[in-house]
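Enquirer: Sharing a structure with you now.
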Amino acid sequence: MINEILFMNGYGAYVWSSFIFTLSSFFILYSAIKLQLVKEQKKFDMKFRNLSSEKVELAKKQETYRELLPNTSVSKI
Amino acid sequence: MLNYFNPNNILVIINRLRKFVFALFIIVLLIGLFEALVLSPEDYKQSDSVRIMYVHVPSAWISLGIFSLISILSFGILIFKNKNFSLITKSLAPSGFLFNVIALVTGSIWGRPTWGTWWAWDARITSMLLLAIFYLMFILSWRITDDTDKAIKASSVIAIIGLINVPIVKFSVDWWSTLHQPASVNLLKDTTIHSSMLVPLVIMTAAFALFSLLIFLMKYNTELIKIKNKGLDRL
């Protein structure tokens with residue numbers, strides 16, 4: 001049974017290489033996008049921490065920031 | 001209606017959806033892989049090499065679907081000047097391009113045992129390569145210039161011109177004599193593929209669509225945070 005799945009009547013190399021290429025591509029794209037997202041979130045955290053108290057209040061009043069803050073570590077301060 | 005595309009509403013939805021989509025993608029993918037590699041039968045002509053279809057065909061469908069969507073939204077960008085549409089198209093492009101590349105590479109691997117060659121300059125394959133070039137130009141148009149307005153215009157024009165290629169890809173196997181086989185799955189006509197092969201094909205398509213949605217949500221989230229980062233600088 002395992003041999004059948006591995007060798008696939010002589011087509012195993014073609015079938016497995018196609019599936020492995022597809023799944024590896026998924027992994028690479030997912031990792032790259034995740035990395036970008038984490039980087040931008042960290043940048044936002046850092047910038048927000050360095051704001052003066054006046055600017056923090058100003059930022060918190062803006063709707064866009066209210067939506068973003070609960071999803072960042074800034075909300076845990 | 002356009003309020004649904006308001007980044008504030010979408011950001012909340014994205015964060016709720018992302019984990020759910022990821023979990024669903026893993027489950028559907030595992031079922032699809034089991035169906036495609038173990039349960040589905042071999043083809044009477046192509047034997048087990050037919051299993052490549054379960055990654056090749058969904059990739060081609062999704063890359064074509066995403067490009068069509070990008071092109072339609074690009075009309076919206078140029079006509080209604082809706083910048084949210086440009087964020088959506090920008091976030092859709094990476095997964096569309098990836099699926100285009102997967103379709104080309106797996107098609108090439110499938111071509112070797114069935115046609116005896118890795119590559120042929122026939123209408124379907126060449127038009128798919130052209131689609132990949134349009135995707136690449138679309139993605140690069142965002143990187144070449146720092147002027148966002150210019151990038152939006154350039155990428156929209158590229159997507160609209162690329163739309164001409166979409167029906168060529170779809171109907172190339174009917175219009176010209178090609179090595180590539182005609183479509184076996186039709187929404188309007190009878191489907192000529194057996195249900196034992198159609199089921200894994202549909203499941204794998206669903207898994208790939210979920211992956212596209214996941215990448216879109218993550219990329220869109222990243223783009224929104226980038227904008228808000230710029231906004232913080234202006235405070």
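Naming works like this for the structure tokens: A, B, ... for the chains as they're shown, residue 1 at the start of each chain, ligands 1 onward in shown order.
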Within 10 Å of chain B, which residues of chain A show up when using only C-alpha atoms, listed as JSON, numbers by chain?

Expert: {"A": [1, 2, 4, 5, 6, 7, 8, 9, 10, 11, 12, 13, 14, 15, 16, 17, 18, 19, 21, 22, 23, 25, 26, 29, 30, 33, 34, 35, 36, 37, 38, 39, 40, 41, 43, 44, 45, 47, 48, 51, 55, 56, 58, 59, 63, 64, 65, 66, 67, 68, 70, 71]}

Enquirer: From the set B:Ile139, B:Ile160, B:Ala207, B:Leu217, which residue has the shortest atom-to-atom contact distance to Ala23 of chain B, counting only C-alpha atoms?

Expert: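 Selected residue with least distance to Ala23 of chain B: B:Ala207.
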
Enquirer: Hey, what's within 7 Å of segment 125-128 of chain B if we count only C-alpha atoms and toss same-chain stuff fewer than 6 positions away? As an mmCIF file with C-alpha atoms, in the first residue's frame, please?

Expert:
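Output saved as result-v3.cif:
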data_model
loop_
_atom_site.group_PDB
_atom_site.id
_atom_site.type_symbol
_atom_site.label_atom_id
_atom_site.label_comp_id
_atom_site.auth_asym_id
_atom_site.auth_seq_id
_atom_site.Cartn_x
_atom_site.Cartn_y
_atom_site.Cartn_z
ATOM 1 C CA ASN B 165 -5.748 37.844 -21.998
ATOM 2 C CA ILE B 168 -7.718 33.930 -24.475
ATOM 3 C CA VAL B 169 -6.500 31.656 -21.655
#

Enquirer: Show which residues sit within 8 Å of Ser172 of chain B, as a ChimeraX atom specification. Count only C-alpha atoms, and ignore same-chain residues fewer than 6 positions away.

Expert: /B:123-124,178

Enquirer: Measuring atom to atom with only C-alpha atoms, identify which of B:Ile144, B:Leu136, B:Leu87, B:Leu17 is nearest to Ile158 of chain B.

Expert: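 Selected residue with least distance to Ile158 of chain B: B:Leu136.
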
Enquirer: Taking 6 positions as the minimum chain separation for residues in the same chain, which residues sit within 9 Å of Lys153 of chain B when counting only C-alpha atoms? Answer as a list in words.

Expert: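 That gives Ser74, Ile77 and Leu78 of chain B.
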
Enquirer: Any chance you can output those residues with C-alpha atoms as an mmCIF file, in the first residue's frame?

Expert:
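Output below, filename result.cif:
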data_model
loop_
_atom_site.group_PDB
_atom_site.id
_atom_site.type_symbol
_atom_site.label_atom_id
_atom_site.label_comp_id
_atom_site.auth_asym_id
_atom_site.auth_seq_id
_atom_site.Cartn_x
_atom_site.Cartn_y
_atom_site.Cartn_z
ATOM 1 C CA SER B 74 -9.386 48.257 -11.444
ATOM 2 C CA ILE B 77 -10.516 52.368 -9.157
ATOM 3 C CA LEU B 78 -10.273 54.416 -12.367
#

Enquirer: Atom CA of Trp142 of chain B and atom CA of Ala32 of chain A, how far apart in Å?

Expert: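 Between atom CA of Ala32 of chain A and atom CA of Trp142 of chain B the gap works out to 17.2 Å.
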